[in-house]
>>> print(open('final_5.json').read())   # JSON, C-alpha atoms and all ligand atoms
[["chain", "number", "residue", "atom", "x", "y", "z"],
["U", 16, "MET", "CA", 104.02, 101.59, 81.78],
["U", 17, "PHE", "CA", 102.50, 104.34, 79.63],
["U", 18, "ASP", "CA", 104.79, 107.13, 78.40],
["U", 19, "PHE", "CA", 105.03, 110.16, 80.63],
["U", 20, "ILE", "CA", 104.83, 112.59, 77.71],
["U", 21, "PHE", "CA", 102.97, 115.83, 78.26],
["U", 22, "CYS", "CA", 100.50, 117.34, 75.80],
["U", 23, "LYS", "CA", 102.21, 119.64, 73.29],
["U", 24, "GLU", "CA", 99.78, 122.49, 74.04],
["U", 25, "PRO", "CA", 101.54, 125.14, 76.11],
["U", 26, "ASP", "CA", 100.60, 125.12, 79.80],
["U", 27, "CYS", "CA", 98.74, 121.80, 79.50],
["U", 28, "HIS", "CA", 99.84, 119.37, 82.20],
["U", 29, "GLU", "CA", 97.90, 116.38, 80.93],
["U", 30, "PHE", "CA", 99.67, 113.35, 79.47],
["U", 31, "VAL", "CA", 99.20, 112.66, 75.75],
["U", 32, "VAL", "CA", 96.72, 110.02, 74.64],
["U", 33, "THR", "CA", 98.69, 106.94, 73.57],
["U", 34, "GLY", "CA", 99.95, 107.42, 70.00],
["U", 35, "GLN", "CA", 98.89, 111.09, 69.89],
["U", 36, "LYS", "CA", 100.65, 114.42, 70.36],
["U", 37, "THR", "CA", 98.03, 115.94, 72.61],
["U", 38, "CYS", "CA", 95.77, 115.08, 75.50],
["U", 39, "LEU", "CA", 92.16, 114.20, 74.75],
["U", 40, "PHE", "CA", 90.95, 117.76, 75.44],
["U", 41, "HIS", "CA", 93.36, 119.26, 72.90],
["U", 42, "ALA", "CA", 92.91, 116.55, 70.27],
["U", 43, "PRO", "CA", 91.92, 117.89, 66.81],
["U", 44, "ASP", "CA", 89.00, 115.44, 66.64],
["U", 45, "ARG", "CA", 88.13, 114.70, 70.24],
["U", 46, "GLU", "CA", 84.99, 112.70, 69.50],
["U", 47, "LYS", "CA", 86.66, 110.37, 67.01],
["U", 48, "LEU", "CA", 89.61, 109.77, 69.32],
["U", 49, "SER", "CA", 87.27, 109.09, 72.26],
["U", 50, "GLN", "CA", 85.43, 106.48, 70.23],
["U", 51, "GLN", "CA", 88.68, 104.85, 69.09],
["U", 52, "MET", "CA", 89.98, 104.56, 72.61],
["U", 53, "LEU", "CA", 86.62, 103.38, 73.94],
["U", 54, "ASP", "CA", 86.56, 100.68, 71.26],
["U", 55, "ARG", "CA", 89.96, 99.50, 72.47],
["U", 56, "LEU", "CA", 88.68, 99.31, 76.04],
["U", 57, "LEU", "CA", 85.51, 97.48, 74.97],
["U", 58, "ASN", "CA", 87.57, 94.90, 73.09],
["U", 59, "LYS", "CA", 88.00, 93.01, 76.41],
["U", 60, "GLY", "CA", 91.49, 91.75, 75.62],
["U", 61, "PRO", "CA", 94.33, 92.59, 77.97],
["U", 62, "ILE", "CA", 95.42, 96.20, 77.57],
["U", 63, "GLY", "CA", 98.77, 97.47, 78.72],
["U", 64, "SER", "CA", 100.31, 100.93, 79.01],
["U", 65, "LEU", "CA", 97.35, 102.78, 77.52],
["U", 66, "SER", "CA", 97.14, 106.44, 78.46],
["U", 67, "PHE", "CA", 93.76, 107.99, 77.96],
["U", 68, "SER", "CA", 92.74, 110.52, 80.60],
["U", 69, "GLY", "CA", 89.99, 113.13, 80.79],
["U", 70, "MET", "CA", 87.26, 110.92, 79.28],
["U", 71, "GLU", "CA", 83.56, 110.77, 80.18],
["U", 72, "TYR", "CA", 82.01, 107.31, 80.45],
["U", 73, "ASN", "CA", 78.27, 106.89, 80.77],
["U", 74, "GLY", "CA", 76.68, 103.46, 81.08],
["U", 75, "VAL", "CA", 79.76, 101.71, 79.70],
["U", 76, "ASP", "CA", 80.15, 97.97, 80.17],
["U", 77, "LEU", "CA", 83.80, 97.48, 81.15],
["U", 78, "THR", "CA", 83.19, 94.18, 82.92],
["U", 79, "ARG", "CA", 86.01, 91.63, 82.69],
["U", 80, "SER", "CA", 88.53, 94.26, 81.58],
["U", 81, "ARG", "CA", 92.18, 93.42, 82.09],
["U", 82, "LEU", "CA", 94.18, 96.61, 82.38],
["U", 83, "TYR", "CA", 97.88, 96.80, 83.16],
["U", 84, "ALA", "CA", 99.71, 100.09, 83.88],
["U", 85, "CYS", "CA", 97.04, 102.19, 82.17],
["U", 86, "ASN", "CA", 96.22, 105.83, 82.82],
["U", 87, "LEU", "CA", 92.49, 106.65, 82.93],
["U", 88, "ALA", "CA", 92.83, 109.56, 85.37],
["U", 89, "ASN", "CA", 90.83, 112.80, 85.53],
["U", 90, "SER", "CA", 87.79, 111.06, 84.09],
["U", 91, "ILE", "CA", 84.08, 110.91, 84.85],
["U", 92, "PHE", "CA", 82.48, 107.49, 85.16],
["U", 93, "VAL", "CA", 78.68, 107.28, 85.48],
["U", 94, "ASP", "CA", 76.79, 103.95, 85.68],
["U", 95, "THR", "CA", 79.93, 102.21, 84.46],
["U", 96, "ASP", "CA", 80.55, 98.58, 85.31],
["U", 97, "PHE", "CA", 84.05, 97.23, 86.03],
["U", 98, "SER", "CA", 82.80, 94.01, 87.66],
["U", 99, "ASN", "CA", 85.13, 91.01, 87.39],
["U", 100, "SER", "CA", 87.97, 93.16, 86.07],
["U", 101, "TYR", "CA", 91.68, 92.91, 86.78],
["U", 102, "LEU", "CA", 93.34, 96.29, 87.31],
["U", 103, "GLN", "CA", 97.05, 96.28, 87.93],
["U", 104, "LEU", "CA", 98.95, 99.51, 88.50],
["U", 105, "CYS", "CA", 96.21, 101.53, 86.82],
["U", 106, "PHE", "CA", 95.74, 105.24, 87.47],
["U", 107, "PHE", "CA", 92.24, 106.58, 88.08],
["U", 108, "GLU", "CA", 93.18, 109.54, 90.28],
["U", 109, "TYR", "CA", 91.12, 112.75, 90.46],
["U", 110, "SER", "CA", 88.15, 111.06, 88.81],
["U", 111, "THR", "CA", 84.45, 111.04, 89.66],
["U", 112, "PHE", "CA", 82.59, 107.74, 89.91],
["U", 113, "ILE", "CA", 78.80, 107.77, 90.22],
["U", 114, "ARG", "CA", 76.83, 104.49, 90.61],
["U", 115, "CYS", "CA", 79.78, 102.44, 89.33],
["U", 116, "LYS", "CA", 80.33, 98.75, 89.99],
["U", 117, "PHE", "CA", 83.69, 97.28, 90.96],
["U", 118, "SER", "CA", 82.40, 94.02, 92.43],
["U", 119, "HIS", "CA", 84.54, 90.89, 92.11],
["U", 120, "ILE", "CA", 87.49, 92.89, 90.83],
["U", 121, "VAL", "CA", 91.16, 92.44, 91.57],
["U", 122, "SER", "CA", 93.03, 95.72, 91.99],
["U", 123, "LYS", "CA", 96.74, 95.57, 92.64],
["U", 124, "TYR", "CA", 98.75, 98.77, 93.15],
["U", 125, "SER", "CA", 96.04, 100.80, 91.43],
["U", 126, "VAL", "CA", 95.60, 104.45, 92.26],
["U", 127, "PHE", "CA", 92.23, 106.11, 92.92],
["U", 128, "SER", "CA", 93.58, 108.97, 95.06],
["U", 129, "GLY", "CA", 91.72, 112.27, 95.09],
["U", 130, "SER", "CA", 88.67, 110.72, 93.45],
["U", 131, "LYS", "CA", 85.02, 111.05, 94.37],
["U", 132, "PHE", "CA", 82.79, 107.98, 94.69],
["U", 133, "ILE", "CA", 79.02, 108.18, 95.05],
["U", 134, "ASP", "CA", 76.88, 105.01, 95.31],
["U", 135, "CYS", "CA", 79.69, 102.71, 94.20],
["U", 136, "ASP", "CA", 80.03, 99.00, 94.87],
["U", 137, "PHE", "CA", 83.45, 97.44, 95.56],
["U", 138, "SER", "CA", 82.03, 94.32, 97.23],
["U", 139, "GLU", "CA", 83.66, 90.87, 97.08],
["U", 140, "SER", "CA", 86.87, 92.27, 95.62],
["U", 141, "ASP", "CA", 90.60, 91.99, 96.22],
["U", 142, "LEU", "CA", 91.86, 95.56, 96.57],
["U", 143, "LEU", "CA", 95.48, 94.98, 97.45],
["U", 144, "HIS", "CA", 98.08, 97.71, 97.92],
["U", 145, "SER", "CA", 95.62, 100.10, 96.30],
["U", 146, "ASN", "CA", 95.65, 103.83, 96.84],
["U", 147, "PHE", "CA", 92.47, 105.61, 97.98],
["U", 148, "VAL", "CA", 94.31, 108.52, 99.61],
["U", 149, "GLY", "CA", 92.12, 111.60, 100.00],
["U", 150, "VAL", "CA", 89.08, 110.07, 98.30],
["U", 151, "ASP", "CA", 85.60, 111.38, 99.04],
["U", 152, "ALA", "CA", 83.33, 108.31, 99.19],
["U", 153, "ARG", "CA", 79.62, 108.44, 99.97],
["U", 154, "HIS", "CA", 77.10, 105.57, 100.07],
["U", 155, "CYS", "CA", 79.65, 102.96, 99.00],
["U", 156, "SER", "CA", 80.17, 99.31, 99.87],
["U", 157, "PHE", "CA", 83.47, 97.47, 100.28],
["U", 158, "ASP", "CA", 81.72, 94.48, 101.91],
["U", 159, "ASP", "CA", 83.39, 91.04, 101.76],
["U", 160, "SER", "CA", 86.59, 92.48, 100.30],
["U", 161, "ASP", "CA", 90.28, 92.04, 100.97],
["U", 162, "LEU", "CA", 91.86, 95.46, 101.48],
["U", 163, "TYR", "CA", 95.31, 94.27, 102.49],
["U", 164, "TYR", "CA", 97.76, 97.19, 102.60],
["U", 165, "SER", "CA", 95.35, 99.60, 100.90],
["U", 166, "ASP", "CA", 95.54, 103.22, 101.84],
["U", 167, "PHE", "CA", 92.62, 105.50, 102.85],
["U", 168, "VAL", "CA", 94.75, 108.24, 104.46],
["U", 169, "ASN", "CA", 92.90, 111.59, 104.55],
["U", 170, "ALA", "CA", 89.80, 110.01, 102.99],
["U", 171, "VAL", "CA", 86.31, 111.30, 103.73],
["U", 172, "LEU", "CA", 84.04, 108.29, 104.16],
["U", 173, "ASP", "CA", 80.32, 108.86, 104.66],
["U", 174, "ASP", "CA", 77.93, 105.89, 104.82],
["U", 175, "VAL", "CA", 80.62, 103.49, 103.65],
["U", 176, "THR", "CA", 80.54, 99.85, 104.72],
["U", 177, "PHE", "CA", 83.46, 97.46, 105.24],
["U", 178, "ARG", "CA", 81.56, 94.37, 106.46],
["U", 179, "ASP", "CA", 83.50, 91.13, 106.74],
["U", 180, "CYS", "CA", 86.65, 92.57, 105.17],
["U", 181, "ASN", "CA", 90.31, 91.81, 105.62],
["U", 182, "LEU", "CA", 91.67, 95.14, 106.88],
["U", 183, "LYS", "CA", 95.16, 93.97, 107.77],
["U", 184, "LYS", "CA", 97.53, 96.94, 107.28],
["U", 185, "THR", "CA", 94.71, 98.98, 105.71],
["U", 186, "ASP", "CA", 95.56, 102.56, 106.57],
["U", 187, "PHE", "CA", 92.75, 104.89, 107.69],
["U", 188, "TYR", "CA", 95.05, 107.48, 109.30],
["U", 189, "SER", "CA", 93.57, 110.98, 109.35],
["U", 190, "SER", "CA", 90.40, 109.85, 107.56],
["U", 191, "THR", "CA", 87.01, 111.34, 108.41],
["U", 192, "ARG", "CA", 84.45, 108.60, 108.96],
["U", 193, "THR", "CA", 80.69, 109.10, 109.34],
["U", 194, "GLN", "CA", 78.39, 106.07, 109.49],
["U", 195, "VAL", "CA", 81.21, 103.72, 108.58],
["U", 196, "ILE", "CA", 80.56, 100.07, 109.42],
["U", 197, "PHE", "CA", 83.40, 97.60, 110.10],
["U", 198, "LYS", "CA", 81.19, 94.73, 111.32],
["U", 199, "PHE", "CA", 82.88, 91.28, 111.22],
["U", 200, "SER", "CA", 86.12, 92.85, 109.91],
["U", 201, "ASN", "CA", 89.50, 92.70, 111.62],
["U", 202, "PHE", "CA", 89.61, 96.48, 112.08],
["U", 203, "GLU", "CA", 92.01, 96.00, 115.03],
["U", 204, "GLU", "CA", 94.63, 95.11, 112.43],
["U", 205, "ALA", "CA", 93.97, 98.29, 110.43],
["U", 206, "ILE", "CA", 95.89, 101.49, 111.06],
["U", 207, "PHE", "CA", 94.01, 104.50, 112.50],
["U", 208, "SER", "CA", 96.81, 106.46, 114.18],
["U", 209, "ARG", "CA", 100.52, 107.03, 113.91],
["U", 210, "GLU", "CA", 102.65, 105.94, 116.85],
["U", 211, "TYR", "CA", 106.03, 107.56, 117.27],
["U", 301, "ZN", "ZN", 96.39, 119.16, 76.49]]
>>> encode(input="final_5.json", output="structure tokens")
Amino acid sequence: MFDFIFCKEPDCHEFVVTGQKTCLFHAPDREKLSQQMLDRLLNKGPIGSLSFSGMEYNGVDLTRSRLYACNLANSIFVDTDFSNSYLQLCFFEYSTFIRCKFSHIVSKYSVFSGSKFIDCDFSESDLLHSNFVGVDARHCSFDDSDLYYSDFVNAVLDDVTFRDCNLKKTDFYSSTRTQVIFKFSNFEEAIFSREY
């Protein structure tokens, strides 16, 4: 797991970039550090415990990444491709994803809570025990995916499709759903209400 060390700048609540004393925003040479960290991500080898939040990615090819316990939260991802990646216990919370691809990925225990997704593709993926609490997702596909034990509590889902998915124990409690399609999925095994 990455170190939970806060940026040395007073009143900054961001974690430090791995090996640095500040977050990315407060780094003395932000551009150089961004490039260094991006190069590490593009290296395609397995990466563990890397903390690197607050980054902007545009058109980045992150296909076949293998990330373990990494922190990429509070970031902006545009036209970025994570297809065929393995993401275990990775933190992407409070990020914005526009036209990003997550098809054929495996996500285990990863956290996307509070993020915004527009035109994103999670099809044919295993999204197990993953956290989508409070996400705002529009025009997205989760078709042909396994969402076992994933959590969409308080999510806003607009034009989001879950065709032919495994929704066993997938939690949609208190979510707002407009034009959401569950065709051919076992939605009767998903959770939509709390029974006391
Ligand atoms: Zn900072």
>>> residues_near_ligand(input="final_5.json", ligand="ligand ZN 301 (chain U)", cutoff="9 Å", atoms="only C-alpha atoms and all ligand atoms", output="ChimeraX atom specification")
/U:21-31,36-42
>>> axis_aligned_box(input="final_5.json", around="segment 113-119 of chain U", padding_each_side="6 Å", output="lines of an AutoDock Vina configuration file")
center_x = 80.7
center_y = 99.3
center_z = 90.9
size_x = 19.7
size_y = 28.9
size_z = 15.1
>>> residues_around(input="final_5.json", residues="Phe97 of chain U", least_positions_apart="6", cutoff="12 Å", atoms="all atoms listed in the file", output="ChimeraX atom specification")
/U:56-57,59,72,74-82,112,114-122,135-138,140
>>> atom_distance(input="final_5.json", atom1="atom CA of Ser165 of chain U", atom2="atom CA of Glu71 of chain U")
26.3 Å
>>> residues_around(input="final_5.json", residues="His154 of chain U", least_positions_apart="2", cutoff="12 Å", atoms="all atoms listed in the file", output="NGL selection string")
:U and (112-115 or 131-137 or 151-152 or 156-157 or 171-177 or 192-196)
>>> residues_around(input="final_5.json", residues="Glu203 of chain U", least_positions_apart="3", cutoff="12 Å", atoms="all atoms listed in the file", output="PDB file with C-alpha atoms, keeping the file's coordinate frame")
ATOM      1  CA  CYS U 180      86.650  92.570 105.170  1.00  0.00           C
ATOM      2  CA  ASN U 181      90.310  91.810 105.620  1.00  0.00           C
ATOM      3  CA  LEU U 182      91.670  95.140 106.880  1.00  0.00           C
ATOM      4  CA  LYS U 183      95.160  93.970 107.770  1.00  0.00           C
ATOM      5  CA  LYS U 184      97.530  96.940 107.280  1.00  0.00           C
ATOM      6  CA  THR U 185      94.710  98.980 105.710  1.00  0.00           C
ATOM      7  CA  ASP U 186      95.560 102.560 106.570  1.00  0.00           C
ATOM      8  CA  PHE U 187      92.750 104.890 107.690  1.00  0.00           C
ATOM      9  CA  PHE U 197      83.400  97.600 110.100  1.00  0.00           C
ATOM     10  CA  LYS U 198      81.190  94.730 111.320  1.00  0.00           C
ATOM     11  CA  PHE U 199      82.880  91.280 111.220  1.00  0.00           C
ATOM     12  CA  SER U 200      86.120  92.850 109.910  1.00  0.00           C
ATOM     13  CA  ILE U 206      95.890 101.490 111.060  1.00  0.00           C
ATOM     14  CA  PHE U 207      94.010 104.500 112.500  1.00  0.00           C
ATOM     15  CA  SER U 208      96.810 106.460 114.180  1.00  0.00           C
TER      16      SER U 208
END
>>> closest_residue(input="final_5.json", among="U:Glu204, U:Asp96, U:Asp141, U:Asp18", to="Ser160 of chain U", atoms="only C-alpha atoms")
U:Asp141
>>> closest_residue(input="final_5.json", among="U:Phe106, U:Leu48, U:Met70, U:Tyr164", to="Ala205 of chain U", atoms="all atoms listed in the file")
U:Tyr164
>>> build_atoms(input="final_5.json", residues="segment 169-198 of chain U", atoms="N, CA and C atoms", output="CSV table (one decimal), in the coordinates of the input")
chain,number,residue,atom,x,y,z
U,169,ASN,N,93.6,110.3,104.9
U,169,ASN,CA,92.9,111.6,104.6
U,169,ASN,C,91.6,111.4,103.8
U,170,ALA,N,91.1,110.2,103.7
U,170,ALA,CA,89.8,110.0,103.0
U,170,ALA,C,88.6,110.5,103.8
U,171,VAL,N,87.6,111.0,103.1
U,171,VAL,CA,86.3,111.3,103.7
U,171,VAL,C,85.3,110.2,103.4
U,172,LEU,N,84.9,109.5,104.4
U,172,LEU,CA,84.0,108.3,104.2
U,172,LEU,C,82.7,108.5,104.9
U,173,ASP,N,81.6,108.6,104.1
U,173,ASP,CA,80.3,108.9,104.7
U,173,ASP,C,79.4,107.8,104.2
U,174,ASP,N,78.8,107.0,105.2
U,174,ASP,CA,77.9,105.9,104.8
U,174,ASP,C,78.7,104.9,103.9
U,175,VAL,N,79.8,104.4,104.4
U,175,VAL,CA,80.6,103.5,103.6
U,175,VAL,C,80.8,102.2,104.5
U,176,THR,N,80.5,101.1,103.9
U,176,THR,CA,80.5,99.8,104.7
U,176,THR,C,81.7,99.0,104.3
U,177,PHE,N,82.3,98.4,105.4
U,177,PHE,CA,83.5,97.5,105.2
U,177,PHE,C,83.1,96.2,106.0
U,178,ARG,N,82.0,95.6,105.7
U,178,ARG,CA,81.6,94.4,106.5
U,178,ARG,C,82.4,93.1,106.0
U,179,ASP,N,82.8,92.4,107.0
U,179,ASP,CA,83.5,91.1,106.7
U,179,ASP,C,84.7,91.3,105.8
U,180,CYS,N,85.5,92.3,106.0
U,180,CYS,CA,86.6,92.6,105.2
U,180,CYS,C,87.9,92.2,105.9
U,181,ASN,N,89.0,91.9,105.1
U,181,ASN,CA,90.3,91.8,105.6
U,181,ASN,C,90.9,93.2,105.6
U,182,LEU,N,91.1,93.8,106.8
U,182,LEU,CA,91.7,95.1,106.9
U,182,LEU,C,93.1,95.1,107.4
U,183,LYS,N,93.8,94.0,107.3
U,183,LYS,CA,95.2,94.0,107.8
U,183,LYS,C,96.0,95.0,107.0
U,184,LYS,N,96.6,95.9,107.8
U,184,LYS,CA,97.5,96.9,107.3
U,184,LYS,C,96.8,98.0,106.4
U,185,THR,N,95.5,97.9,106.4
U,185,THR,CA,94.7,99.0,105.7
U,185,THR,C,94.8,100.3,106.5
U,186,ASP,N,95.2,101.3,105.9
U,186,ASP,CA,95.6,102.6,106.6
U,186,ASP,C,94.4,103.6,106.5
U,187,PHE,N,93.8,103.9,107.6
U,187,PHE,CA,92.8,104.9,107.7
U,187,PHE,C,93.2,106.1,108.4
U,188,TYR,N,94.5,106.3,108.5
U,188,TYR,CA,95.0,107.5,109.3
U,188,TYR,C,94.5,108.8,108.8
U,189,SER,N,94.1,109.6,109.7
U,189,SER,CA,93.6,111.0,109.4
U,189,SER,C,92.4,111.0,108.4
U,190,SER,N,91.6,109.9,108.4
U,190,SER,CA,90.4,109.8,107.6
U,190,SER,C,89.2,110.4,108.4
U,191,THR,N,88.2,110.9,107.7
U,191,THR,CA,87.0,111.3,108.4
U,191,THR,C,85.9,110.3,108.1
U,192,ARG,N,85.4,109.7,109.2
U,192,ARG,CA,84.4,108.6,109.0
U,192,ARG,C,83.1,108.9,109.6
U,193,THR,N,82.0,108.9,108.8
U,193,THR,CA,80.7,109.1,109.3
U,193,THR,C,79.9,107.9,108.9
U,194,GLN,N,79.2,107.3,109.8
U,194,GLN,CA,78.4,106.1,109.5
U,194,GLN,C,79.2,105.0,108.7
U,195,VAL,N,80.4,104.8,109.2
U,195,VAL,CA,81.2,103.7,108.6
U,195,VAL,C,81.1,102.4,109.4
U,196,ILE,N,80.8,101.3,108.7
U,196,ILE,CA,80.6,100.1,109.4
U,196,ILE,C,81.7,99.1,109.1
U,197,PHE,N,82.3,98.6,110.2
U,197,PHE,CA,83.4,97.6,110.1
U,197,PHE,C,83.0,96.2,110.6
U,198,LYS,N,81.7,96.0,110.7
U,198,LYS,CA,81.2,94.7,111.3
U,198,LYS,C,81.8,93.5,110.7
